[in-house]
file structure.cif (mmCIF, C-alpha atoms)
data_query
#
loop_
_atom_site.label_atom_id
_atom_site.label_comp_id
_atom_site.auth_asym_id
_atom_site.auth_seq_id
_atom_site.Cartn_x
_atom_site.Cartn_y
_atom_site.Cartn_z
CA SER A 1 267.93 150.03 203.06
CA PHE A 2 264.45 151.54 203.34
CA GLN A 3 264.25 151.75 199.55
CA ARG A 4 265.04 148.09 199.12
CA TYR A 5 262.63 147.15 201.92
CA CYS A 6 259.83 148.98 200.09
CA HIS A 7 260.77 147.21 196.83
CA ALA A 8 261.52 150.62 195.32
CA SER A 9 264.39 149.43 193.17
CA ARG A 10 266.19 152.21 191.36
CA LEU A 11 266.18 150.09 188.22
CA LEU A 12 262.43 149.55 188.47
CA ARG A 13 261.98 153.30 188.98
CA GLY A 14 264.04 153.89 185.86
CA LEU A 15 266.61 156.05 187.64
CA VAL A 16 270.17 156.22 186.38
CA PRO A 17 272.62 156.02 189.32
CA HIS A 18 274.64 159.18 189.89
CA THR A 19 278.13 157.82 190.44
CA PRO A 20 281.47 159.61 190.33
CA GLY A 21 282.19 157.79 187.08
CA SER A 22 279.33 159.56 185.35
CA LEU A 23 281.02 162.94 185.66
CA HIS A 24 282.63 162.52 182.24
CA LEU A 25 279.18 163.23 180.79
CA LEU A 26 279.50 166.83 181.91
CA ASP A 27 281.00 169.30 179.48
CA ASP A 28 284.04 171.39 180.37
CA ASP A 29 282.03 174.59 180.82
CA TYR A 30 279.88 173.07 183.54
CA LEU A 31 282.83 171.46 185.30
CA GLY A 32 284.68 174.77 185.12
CA GLN A 33 281.78 176.60 186.74
CA ALA A 34 281.52 173.93 189.43
CA ALA A 35 285.25 174.22 190.14
CA HIS A 36 284.90 178.00 190.39
CA MET A 37 282.09 177.56 192.91
CA LEU A 38 284.23 175.19 194.97
CA SER A 39 286.87 177.90 195.24
CA LYS A 40 284.25 179.86 197.23
CA VAL A 41 282.84 176.96 199.21
CA GLY A 42 283.55 178.73 202.50
CA THR A 43 281.23 181.64 201.75
CA TRP A 44 277.83 181.65 203.42
CA ASN A 45 275.87 182.58 200.27
CA PHE A 46 277.04 179.39 198.50
CA ASP A 47 274.18 178.27 196.23
CA ILE A 48 273.96 174.51 196.67
CA PHE A 49 271.06 174.24 194.18
CA LEU A 50 273.18 175.75 191.41
CA PHE A 51 276.15 173.60 192.39
CA ASP A 52 274.01 170.47 192.23
CA ARG A 53 272.85 171.38 188.73
CA LEU A 54 276.41 172.09 187.57
CA THR A 55 277.56 168.70 188.87
CA ASN A 56 274.64 166.78 187.33
CA GLY A 57 273.32 165.75 190.74
CA ASN A 58 276.72 164.82 192.15
CA SER A 59 276.99 167.75 194.58
CA LEU A 60 277.57 165.63 197.68
CA VAL A 61 280.34 163.49 196.18
CA MET A 62 282.16 166.44 194.59
CA LEU A 63 281.85 168.61 197.69
CA MET A 64 283.15 165.91 200.02
CA CYS A 65 286.07 165.05 197.73
CA HIS A 66 287.00 168.73 197.59
CA LEU A 67 286.81 169.20 201.36
CA PHE A 68 288.83 166.04 201.99
CA ASN A 69 291.49 167.56 199.75
CA VAL A 70 291.29 170.93 201.54
CA TYR A 71 292.02 169.23 204.86
CA ASP A 72 294.41 166.63 203.37
CA LEU A 73 292.38 163.90 205.04
CA VAL A 74 293.13 161.30 202.37
CA HIS A 75 296.83 161.56 203.11
CA HIS A 76 296.44 161.86 206.89
CA PHE A 77 294.29 158.73 207.24
CA GLN A 78 295.96 156.92 204.31
CA LEU A 79 292.60 156.45 202.62
CA ASP A 80 292.22 154.50 199.39
CA ILE A 81 290.79 157.04 196.92
CA VAL A 82 288.83 154.34 195.07
CA LYS A 83 287.21 153.16 198.30
CA LEU A 84 286.48 156.78 199.24
CA HIS A 85 284.69 157.39 195.95
CA ARG A 86 282.82 154.13 196.35
CA PHE A 87 281.67 155.07 199.85
CA LEU A 88 280.62 158.59 198.90
CA GLY A 89 278.79 157.31 195.84
CA MET A 90 276.90 154.82 198.00
CA VAL A 91 275.93 157.53 200.48
CA GLN A 92 274.76 159.91 197.76
CA GLU A 93 272.81 157.18 195.98
CA ASP A 94 271.10 156.02 199.19
CA TYR A 95 269.45 159.42 199.64
CA HIS A 96 265.99 159.42 198.06
CA SER A 97 265.98 161.88 195.17
CA GLN A 98 262.17 161.86 195.15
CA ASN A 99 262.09 163.48 198.59
CA PRO A 100 261.53 167.23 198.21
CA TYR A 101 263.71 167.99 201.25
CA HIS A 102 265.54 165.02 202.77
CA ASN A 103 267.70 164.25 199.75
CA ALA A 104 271.38 164.41 198.78
CA VAL A 105 271.19 168.16 198.09
CA HIS A 106 270.15 168.73 201.72
CA ALA A 107 273.08 166.56 202.80
CA ALA A 108 275.45 168.63 200.65
CA ASP A 109 273.98 171.85 202.04
CA VAL A 110 274.49 170.66 205.63
CA THR A 111 278.04 169.59 204.77
CA GLN A 112 278.84 173.02 203.31
CA ALA A 113 277.42 174.70 206.42
CA MET A 114 279.43 172.34 208.62
CA TYR A 115 282.59 173.35 206.75
CA CYS A 116 281.81 177.02 207.43
CA TYR A 117 281.37 176.26 211.14
CA LEU A 118 284.61 174.25 211.28
CA GLN A 119 286.32 177.36 209.92
CA GLU A 120 285.10 179.54 212.80
CA PRO A 121 288.18 181.10 214.50
CA LYS A 122 287.01 179.94 217.93
CA LEU A 123 287.02 176.35 216.69
CA ALA A 124 289.39 175.96 213.74
CA GLU A 125 292.67 176.10 215.65
CA GLN A 126 291.52 173.51 218.19
CA LEU A 127 290.28 170.80 215.85
CA SER A 128 292.23 167.64 215.17
CA PRO A 129 292.14 165.89 211.77
CA LEU A 130 289.89 163.26 213.37
CA ASP A 131 287.45 165.95 214.53
CA VAL A 132 287.25 167.36 211.00
CA PHE A 133 286.86 163.90 209.47
CA LEU A 134 284.02 163.06 211.87
CA GLY A 135 282.29 166.41 211.38
CA LEU A 136 282.26 166.18 207.58
CA MET A 137 281.32 162.49 207.47
CA ALA A 138 278.45 162.95 209.93
CA ALA A 139 277.15 165.94 207.99
CA ALA A 140 277.22 164.06 204.68
CA ALA A 141 275.51 160.94 206.03
CA HIS A 142 273.25 162.35 208.77
CA ASP A 143 269.97 161.74 206.86
CA VAL A 144 270.98 158.88 204.57
CA ASP A 145 268.10 156.65 203.38
CA HIS A 146 265.52 159.04 204.88
CA PRO A 147 262.06 157.78 203.86
CA GLY A 148 260.48 161.25 203.63
CA VAL A 149 258.20 160.72 206.63
CA ASN A 150 258.81 161.40 210.32
CA GLN A 151 259.17 159.14 213.34
CA PRO A 152 255.54 159.37 214.53
CA PHE A 153 254.42 158.17 211.08
CA LEU A 154 256.73 155.14 211.30
CA ILE A 155 255.47 154.37 214.80
CA LYS A 156 251.75 154.60 214.04
CA THR A 157 252.15 152.53 210.85
CA GLN A 158 254.12 149.93 212.85
CA HIS A 159 257.06 150.15 210.50
CA HIS A 160 259.86 147.64 211.06
CA LEU A 161 262.35 150.42 211.81
CA ALA A 162 260.21 151.67 214.69
CA SER A 163 260.16 148.16 216.14
CA LEU A 164 263.88 147.67 215.54
CA TYR A 165 264.86 150.85 217.39
CA GLN A 166 262.05 150.65 219.99
CA ASN A 167 260.41 153.92 218.95
CA THR A 168 263.45 155.95 220.08
CA SER A 169 265.51 158.09 217.65
CA VAL A 170 264.24 155.75 214.95
CA LEU A 171 265.37 157.69 211.89
CA GLU A 172 268.67 158.89 213.37
CA SER A 173 269.56 155.35 214.46
CA HIS A 174 268.79 154.11 210.96
CA HIS A 175 270.92 156.84 209.37
CA TRP A 176 273.83 155.90 211.61
CA ARG A 177 273.54 152.13 211.12
CA SER A 178 273.20 152.62 207.37
CA THR A 179 276.38 154.71 207.38
CA VAL A 180 278.25 152.05 209.34
CA GLY A 181 277.05 149.42 206.88
CA MET A 182 278.33 151.44 203.92
CA LEU A 183 281.65 152.11 205.65
CA ARG A 184 282.15 148.38 206.09
CA GLU A 185 280.86 147.44 202.65
CA SER A 186 283.17 149.95 200.95
CA GLY A 187 286.12 148.97 203.12
CA LEU A 188 287.04 152.64 203.60
CA LEU A 189 288.38 152.11 207.14
CA SER A 190 289.47 148.48 206.74
CA HIS A 191 293.17 149.40 206.90
CA LEU A 192 292.81 151.03 210.32
CA PRO A 193 293.17 149.15 213.62
CA ALA A 194 289.86 147.61 214.72
CA ASP A 195 289.65 149.72 217.86
CA MET A 196 290.18 152.94 215.87
CA SER A 197 287.57 152.12 213.21
CA GLY A 198 285.15 151.06 215.96
CA ASP A 199 285.70 154.36 217.77
CA ILE A 200 285.06 156.30 214.54
CA GLU A 201 281.81 154.41 214.00
CA ALA A 202 280.70 155.10 217.59
CA GLN A 203 281.54 158.80 217.39
CA LEU A 204 279.70 159.10 214.08
CA GLY A 205 276.71 157.59 215.85
CA SER A 206 276.92 160.10 218.69
CA LEU A 207 276.98 162.97 216.19
CA ILE A 208 274.15 161.71 213.98
CA LEU A 209 271.94 160.83 216.97
CA ALA A 210 272.37 164.41 218.21
CA THR A 211 270.30 165.62 215.25
CA ASP A 212 267.16 164.08 216.78
CA ILE A 213 264.94 167.17 217.16
CA SER A 214 263.26 165.63 220.23
CA ARG A 215 266.59 166.04 222.07
CA GLN A 216 266.80 169.74 221.25
CA ASN A 217 266.19 170.98 224.81
CA GLU A 218 268.68 168.49 226.23
CA PHE A 219 271.53 169.79 224.07
CA LEU A 220 270.46 173.42 224.26
CA SER A 221 270.35 173.49 228.06
CA THR A 222 273.77 171.79 228.31
CA PHE A 223 275.23 174.23 225.78
CA ARG A 224 273.74 177.22 227.61
CA GLU A 225 275.05 175.92 230.94
CA HIS A 226 278.59 175.57 229.53
CA LEU A 227 278.46 179.12 228.17
CA ASP A 228 277.07 180.54 231.42
CA ASN A 229 279.77 178.79 233.44
CA GLN A 230 282.48 179.57 230.85
CA ASP A 231 283.85 176.06 231.34
CA LEU A 232 284.17 174.84 227.75
CA ASP A 233 287.74 173.59 227.25
CA LEU A 234 288.39 172.76 223.61
CA GLN A 235 291.65 171.10 224.57
CA LEU A 236 289.46 168.26 225.82
CA ALA A 237 288.34 165.77 223.19
CA SER A 238 284.95 165.34 224.92
CA HIS A 239 284.26 169.10 224.77
CA ARG A 240 285.29 169.29 221.13
CA HIS A 241 282.95 166.40 220.38
CA PHE A 242 280.09 168.20 222.13
CA ILE A 243 280.72 171.33 220.03
CA LEU A 244 280.75 169.15 216.90
CA GLN A 245 277.32 167.87 217.97
CA ILE A 246 276.08 171.44 218.37
CA ALA A 247 277.65 172.48 215.04
CA LEU A 248 275.92 169.59 213.25
CA LYS A 249 272.61 170.50 214.87
CA CYS A 250 273.10 174.09 213.68
CA ALA A 251 274.03 172.98 210.17
CA ASP A 252 270.98 170.70 210.01
CA VAL A 253 268.53 173.55 210.72
CA CYS A 254 270.43 176.48 209.20
CA ASN A 255 268.06 177.09 206.27
CA PRO A 256 266.48 180.19 207.89
CA CYS A 257 270.02 181.55 208.35
CA ARG A 258 270.62 181.62 204.58
CA VAL A 259 269.82 184.49 202.22
CA TRP A 260 266.09 184.70 201.46
CA GLU A 261 266.40 183.32 197.91
CA LEU A 262 267.88 180.07 199.27
CA SER A 263 265.94 179.97 202.54
CA ARG A 264 262.61 180.32 200.72
CA GLN A 265 263.35 177.31 198.50
CA TRP A 266 264.19 175.15 201.51
CA SER A 267 261.02 176.32 203.30
CA GLU A 268 258.87 175.29 200.37
CA ARG A 269 260.65 171.95 200.01
CA VAL A 270 260.33 170.90 203.65
CA CYS A 271 256.66 171.90 203.75
CA GLU A 272 256.01 169.98 200.53
CA GLU A 273 257.46 166.90 202.23
CA PHE A 274 255.22 167.49 205.25
CA TYR A 275 252.17 167.84 202.99
CA ARG A 276 253.00 164.60 201.17
CA GLN A 277 253.04 162.80 204.51
CA GLY A 278 249.68 164.38 205.33
CA ASP A 279 248.29 163.14 202.02
CA LEU A 280 249.51 159.62 202.84
CA GLU A 281 247.90 159.78 206.27
CA ARG A 282 244.64 160.99 204.73
CA GLU A 283 244.80 158.20 202.14
CA TYR A 284 245.21 155.53 204.83
CA ASP A 285 242.61 157.12 207.12
CA LEU A 286 245.20 158.05 209.77
CA GLU A 287 245.18 161.14 211.94
CA ILE A 288 247.05 163.87 210.06
CA SER A 289 250.26 164.81 211.87
CA PRO A 290 250.94 168.38 213.01
CA LEU A 291 252.27 170.63 210.20
CA CYS A 292 251.22 168.10 207.56
CA ASN A 293 247.78 169.46 206.63
CA GLN A 294 248.17 171.60 203.53
CA GLN A 295 244.71 173.11 204.02
CA ALA A 296 245.45 174.29 207.57
CA ASP A 297 249.25 174.62 207.84
CA THR A 298 250.70 177.33 205.60
CA VAL A 299 254.38 177.65 204.79
CA PRO A 300 254.81 181.03 206.56
CA VAL A 301 253.11 179.83 209.75
CA ILE A 302 255.17 176.61 209.84
CA GLN A 303 258.40 178.54 209.28
CA ILE A 304 257.63 181.21 211.89
CA GLY A 305 257.11 178.48 214.48
CA PHE A 306 260.24 176.62 213.38
CA ILE A 307 262.38 179.77 213.58
CA SER A 308 260.91 180.92 216.90
CA TYR A 309 261.10 177.63 218.80
CA ILE A 310 264.00 175.72 217.18
CA VAL A 311 266.33 177.94 215.17
CA GLU A 312 266.54 181.19 217.14
CA PRO A 313 267.20 179.62 220.58
CA LEU A 314 269.97 177.43 219.16
CA PHE A 315 271.69 180.14 217.13
CA VAL A 316 271.49 182.68 219.95
CA GLU A 317 273.73 180.33 221.97
CA TRP A 318 275.99 179.61 218.96
CA HIS A 319 276.26 183.40 218.59
CA ARG A 320 277.50 183.60 222.19
CA PHE A 321 279.97 180.75 221.61
CA THR A 322 281.58 182.43 218.58
CA ASP A 323 282.09 185.71 220.53
CA PRO A 324 280.35 186.57 218.01
CA SER A 325 282.03 186.00 214.65
CA PRO A 326 281.25 187.79 211.36
CA LEU A 327 279.52 184.63 210.12
CA SER A 328 277.36 184.45 213.23
CA LEU A 329 276.37 188.10 212.84
CA THR A 330 275.43 187.41 209.22
CA MET A 331 273.34 184.38 210.14
CA MET A 332 271.47 186.20 212.91
CA GLY A 333 270.73 189.01 210.46
CA HIS A 334 269.26 186.56 207.96
CA ILE A 335 267.18 184.85 210.65
CA HIS A 336 265.54 188.14 211.59
CA LYS A 337 264.98 189.20 207.97
CA ASN A 338 263.58 185.84 206.90
CA LYS A 339 261.27 185.68 209.90
CA ALA A 340 260.03 189.17 209.02
CA PHE A 341 259.40 188.04 205.43
CA HIS A 342 257.36 185.07 206.63
CA LEU A 343 255.44 187.29 209.05
CA THR A 344 254.62 189.61 206.17
CA CYS A 345 253.43 186.67 204.06
CA SER A 346 251.24 185.39 206.89
CA LYS A 347 249.66 188.75 207.76
CA PRO A 348 246.70 188.55 205.36
CA PHE A 349 245.70 185.29 207.02
CA SER A 350 246.18 186.48 210.59
CA TYR A 351 244.46 189.81 209.97
CA CYS A 352 241.47 188.02 208.46
CA ASP A 353 241.37 185.64 211.43
CA LEU A 354 241.69 188.56 213.82
CA ILE A 355 238.89 190.54 212.18
CA PHE A 356 236.69 187.43 212.02
CA ASN A 357 237.24 186.67 215.72
CA ILE A 358 236.70 190.27 216.82
CA THR A 359 233.52 190.52 214.75
CA ASN A 360 232.13 187.29 216.22
CA PHE A 361 233.07 188.28 219.75
CA CYS A 362 231.62 191.80 219.45
CA GLN A 363 228.55 190.97 217.35
CA PRO A 364 226.05 191.21 220.27
CA GLN A 365 227.43 194.63 221.25
CA ILE A 366 227.33 195.79 217.63
CA ASN A 367 223.70 194.64 217.29
CA PHE A 368 222.73 196.35 220.55
CA CYS A 369 224.39 199.66 219.54
CA TYR A 370 222.72 199.52 216.14
CA SER A 371 219.27 198.99 217.68
CA VAL A 372 219.80 201.89 220.11
CA PHE A 373 220.87 204.09 217.21
CA GLN A 374 217.74 203.15 215.28
CA GLN A 375 215.53 203.97 218.29
CA ILE A 376 217.16 207.39 218.75
CA GLN A 377 216.80 208.13 215.04
CA SER A 378 213.10 207.12 215.13
CA SER A 379 212.37 209.35 218.14
CA GLN A 380 214.00 212.32 216.42
CA ASP A 381 211.84 211.77 213.35
#

call {"tool": "encode", "arguments": {"input": "structure.cif", "output": "structure tokens"}}
result
Amino acid sequence: SFQRYCHASRLLRGLVPHTPGSLHLLDDDYLGQAAHMLSKVGTWNFDIFLFDRLTNGNSLVMLMCHLFNVYDLVHHFQLDIVKLHRFLGMVQEDYHSQNPYHNAVHAADVTQAMYCYLQEPKLAEQLSPLDVFLGLMAAAAHDVDHPGVNQPFLIKTQHHLASLYQNTSVLESHHWRSTVGMLRESGLLSHLPADMSGDIEAQLGSLILATDISRQNEFLSTFREHLDNQDLDLQLASHRHFILQIALKCADVCNPCRVWELSRQWSERVCEEFYRQGDLEREYDLEISPLCNQQADTVPVIQIGFISYIVEPLFVEWHRFTDPSPLSLTMMGHIHKNKAFHLTCSKPFSYCDLIFNITNFCQPQINFCYSVFQQIQSSQD
């Protein structure tokens, strides 16, 4: 993994692995509160930060185990529960806890959002157990072993991953291949026919690769075209897979769709990760990437751009797809409120810039008017 490549051994960092077996360290009160939260896992105001604290950092493992039970996936696919726990523990542990944003809590948040989308009336009745399995697995593992820097950083530092994946969907390809490696190492699908396990691995790849933000317009235009033509047929496996791709993309960028208290925390975390990359680039005398300069790129400005150009266009089409559903109406409401909050936070900066620019632009006219006024006043005296 990236961690091992960078010689960042967990033992050398002094981190204690969070494995399912460590849950016995939690007292009954905390486990009881976590169980109570899981009973409301389908609600959109689910607080993943609180859930992660209540589970002692095991939010991803506990959430996935619960959702697999909800859908009876263990029984349907005849999964070995020990191998399942081993796989989920490996996935959770291979997220970098030192990343402010791309960590296991983000993965758990995306998984919870994905569950909410799988429950949408337009979709729920059409999904097969395999669709649900793929959707949840892709959500849980979509950013596994994320290094906390973006693709351009890996390319300009000539990182081995950029060379391996030829500068195309570098991180997403690594997330997928890492997931496949952990599936095989854990033996989770070893009891299935080879062609079936191979198909699952390929479909997981198609879902995870869809989260590449550089392919946003490609997926958005296809989605919009389907909705305009009204030709989506969820009886077709290929159309269901496409909607799973769109649902995962929505879940991955749904932070501005959450209540402000949660959305704000995610905004600060992702910007902190950007700023850390900018600090690295400054340290190594590299050009600072867009959005990564803490002195120039404020959280509100970054978030307004993100909402305007990425989130809103995608969720407007998801809103159309759901007809719209109560959840979609709620999310659109939060998007507008959160954008308004960020606009309010950014106003002091933009007003100052506006006044500064107007003053500079109009200074000659102001000077001329002032001199004329002085001349008139002198003549009157």

call {"tool": "residues_around", "arguments": {"input": "structure.cif", "residues": "Asn255 of chain A", "least_positions_apart": "2", "cutoff": "12 Å", "atoms": "only C-alpha atoms", "output": "ChimeraX atom specification"}}
result
/A:44-45,47-48,101,106,109-110,112-113,249-253,257-270,303,306-307,310-312,315,331-332,334-335,338-339

call {"tool": "atom_distance", "arguments": {"input": "structure.cif", "atom1": "atom CA of Glu93 of chain A", "atom2": "atom CA of Leu60 of chain A"}}
result
9.8 Å

call {"tool": "residues_around", "arguments": {"input": "structure.cif", "residues": "Met37 of chain A", "least_positions_apart": "4", "cutoff": "12 Å", "atoms": "all atoms listed in the file", "output": "list of chain:residue names"}}
result
A:Tyr30, A:Leu31, A:Gly32, A:Gln33, A:Val41, A:Gly42, A:Thr43, A:Asn45, A:Phe46, A:Asp47, A:Ile48, A:Phe49, A:Leu50, A:Phe51, A:Asp52, A:Arg53, A:Leu54, A:Thr55, A:Ser59, A:Met62, A:Leu63, A:His66, A:Gln112

call {"tool": "residues_near_point", "arguments": {"input": "structure.cif", "point": "(281.5, 155.9, 214.8)", "cutoff": "10 Å", "atoms": "all atoms listed in the file", "output": "CSV table (one decimal) with C-alpha atoms, keeping the file's coordinate frame"}}
result
chain,number,residue,atom,x,y,z
A,134,LEU,CA,284.0,163.1,211.9
A,137,MET,CA,281.3,162.5,207.5
A,138,ALA,CA,278.4,163.0,209.9
A,176,TRP,CA,273.8,155.9,211.6
A,177,ARG,CA,273.5,152.1,211.1
A,179,THR,CA,276.4,154.7,207.4
A,180,VAL,CA,278.2,152.0,209.3
A,183,LEU,CA,281.6,152.1,205.6
A,196,MET,CA,290.2,152.9,215.9
A,197,SER,CA,287.6,152.1,213.2
A,198,GLY,CA,285.2,151.1,216.0
A,199,ASP,CA,285.7,154.4,217.8
A,200,ILE,CA,285.1,156.3,214.5
A,201,GLU,CA,281.8,154.4,214.0
A,202,ALA,CA,280.7,155.1,217.6
A,203,GLN,CA,281.5,158.8,217.4
A,204,LEU,CA,279.7,159.1,214.1
A,205,GLY,CA,276.7,157.6,215.8
A,206,SER,CA,276.9,160.1,218.7
A,207,LEU,CA,277.0,163.0,216.2
A,208,ILE,CA,274.2,161.7,214.0

call {"tool": "closest_residue", "arguments": {"input": "structure.cif", "among": "A:Gly187, A:Ser178, A:Leu314, A:His159", "to": "Leu220 of chain A", "atoms": "only C-alpha atoms"}}
result
A:Leu314

call {"tool": "closest_residue", "arguments": {"input": "structure.cif", "among": "A:His191, A:Thr330, A:Val149, A:Ala104", "to": "Asp279 of chain A", "atoms": "only C-alpha atoms"}}
result
A:Val149

call {"tool": "atom_distance", "arguments": {"input": "structure.cif", "atom1": "atom CA of Glu185 of chain A", "atom2": "atom CA of Asp72 of chain A"}}
result
23.5 Å

call {"tool": "atom_distance", "arguments": {"input": "structure.cif", "atom1": "atom CA of Phe87 of chain A", "atom2": "atom CA of Ser190 of chain A"}}
result
12.3 Å

call {"tool": "resolve_selection", "arguments": {"input": "structure.cif", "expression": "the PyMOL selection byres ((chain A and resi 295-299) around 9)", "output": "PyMOL selection string"}}
result
chain A and resi 267-268+271-272+275+290-294+300-304+342+346

call {"tool": "write_last_selection", "arguments": {"input": "structure.cif", "atoms": "C-alpha atoms", "output": "mmCIF file, in the coordinates of the input"}}
result
data_model
loop_
_atom_site.group_PDB
_atom_site.id
_atom_site.type_symbol
_atom_site.label_atom_id
_atom_site.label_comp_id
_atom_site.auth_asym_id
_atom_site.auth_seq_id
_atom_site.Cartn_x
_atom_site.Cartn_y
_atom_site.Cartn_z
ATOM 1 C CA SER A 267 261.020 176.320 203.300
ATOM 2 C CA GLU A 268 258.870 175.290 200.370
ATOM 3 C CA CYS A 271 256.660 171.900 203.750
ATOM 4 C CA GLU A 272 256.010 169.980 200.530
ATOM 5 C CA TYR A 275 252.170 167.840 202.990
ATOM 6 C CA PRO A 290 250.940 168.380 213.010
ATOM 7 C CA LEU A 291 252.270 170.630 210.200
ATOM 8 C CA CYS A 292 251.220 168.100 207.560
ATOM 9 C CA ASN A 293 247.780 169.460 206.630
ATOM 10 C CA GLN A 294 248.170 171.600 203.530
ATOM 11 C CA PRO A 300 254.810 181.030 206.560
ATOM 12 C CA VAL A 301 253.110 179.830 209.750
ATOM 13 C CA ILE A 302 255.170 176.610 209.840
ATOM 14 C CA GLN A 303 258.400 178.540 209.280
ATOM 15 C CA ILE A 304 257.630 181.210 211.890
ATOM 16 C CA HIS A 342 257.360 185.070 206.630
ATOM 17 C CA SER A 346 251.240 185.390 206.890
#

call {"tool": "closest_residue", "arguments": {"input": "structure.cif", "among": "A:Ala141, A:Ile213, A:Leu127, A:Leu343", "to": "Ser238 of chain A", "atoms": "all atoms listed in the file"}}
result
A:Leu127

call {"tool": "residues_around", "arguments": {"input": "structure.cif", "residues": "segment 318-328 of chain A", "least_positions_apart": "5", "cutoff": "10 Å", "atoms": "all atoms listed in the file", "output": "mmCIF file with C-alpha atoms, in the frame of the given file"}}
result
data_model
loop_
_atom_site.group_PDB
_atom_site.id
_atom_site.type_symbol
_atom_site.label_atom_id
_atom_site.label_comp_id
_atom_site.auth_asym_id
_atom_site.auth_seq_id
_atom_site.Cartn_x
_atom_site.Cartn_y
_atom_site.Cartn_z
ATOM 1 C CA THR A 43 281.230 181.640 201.750
ATOM 2 C CA TRP A 44 277.830 181.650 203.420
ATOM 3 C CA CYS A 116 281.810 177.020 207.430
ATOM 4 C CA TYR A 117 281.370 176.260 211.140
ATOM 5 C CA GLN A 119 286.320 177.360 209.920
ATOM 6 C CA GLU A 120 285.100 179.540 212.800
ATOM 7 C CA PRO A 121 288.180 181.100 214.500
ATOM 8 C CA LYS A 122 287.010 179.940 217.930
ATOM 9 C CA LEU A 123 287.020 176.350 216.690
ATOM 10 C CA LEU A 220 270.460 173.420 224.260
ATOM 11 C CA PHE A 223 275.230 174.230 225.780
ATOM 12 C CA ARG A 224 273.740 177.220 227.610
ATOM 13 C CA HIS A 226 278.590 175.570 229.530
ATOM 14 C CA LEU A 227 278.460 179.120 228.170
ATOM 15 C CA ASP A 228 277.070 180.540 231.420
ATOM 16 C CA GLN A 230 282.480 179.570 230.850
ATOM 17 C CA LEU A 232 284.170 174.840 227.750
ATOM 18 C CA ILE A 243 280.720 171.330 220.030
ATOM 19 C CA ILE A 246 276.080 171.440 218.370
ATOM 20 C CA ALA A 247 277.650 172.480 215.040
ATOM 21 C CA CYS A 250 273.100 174.090 213.680
ATOM 22 C CA CYS A 257 270.020 181.550 208.350
ATOM 23 C CA GLU A 312 266.540 181.190 217.140
ATOM 24 C CA PRO A 313 267.200 179.620 220.580
ATOM 25 C CA GLY A 333 270.730 189.010 210.460
ATOM 26 C CA HIS A 334 269.260 186.560 207.960
#

call {"tool": "closest_residue", "arguments": {"input": "structure.cif", "among": "A:Gly135, A:Leu38, A:Phe153, A:Ala108", "to": "Glu287 of chain A", "atoms": "all atoms listed in the file"}}
result
A:Phe153

call {"tool": "resolve_selection", "arguments": {"input": "structure.cif", "expression": "the PyMOL selection byres ((chain A and resi 132) around 9)", "output": "MDAnalysis selection string"}}
result
chainID A and resid 71 73 115 118 127:131 133:137 244
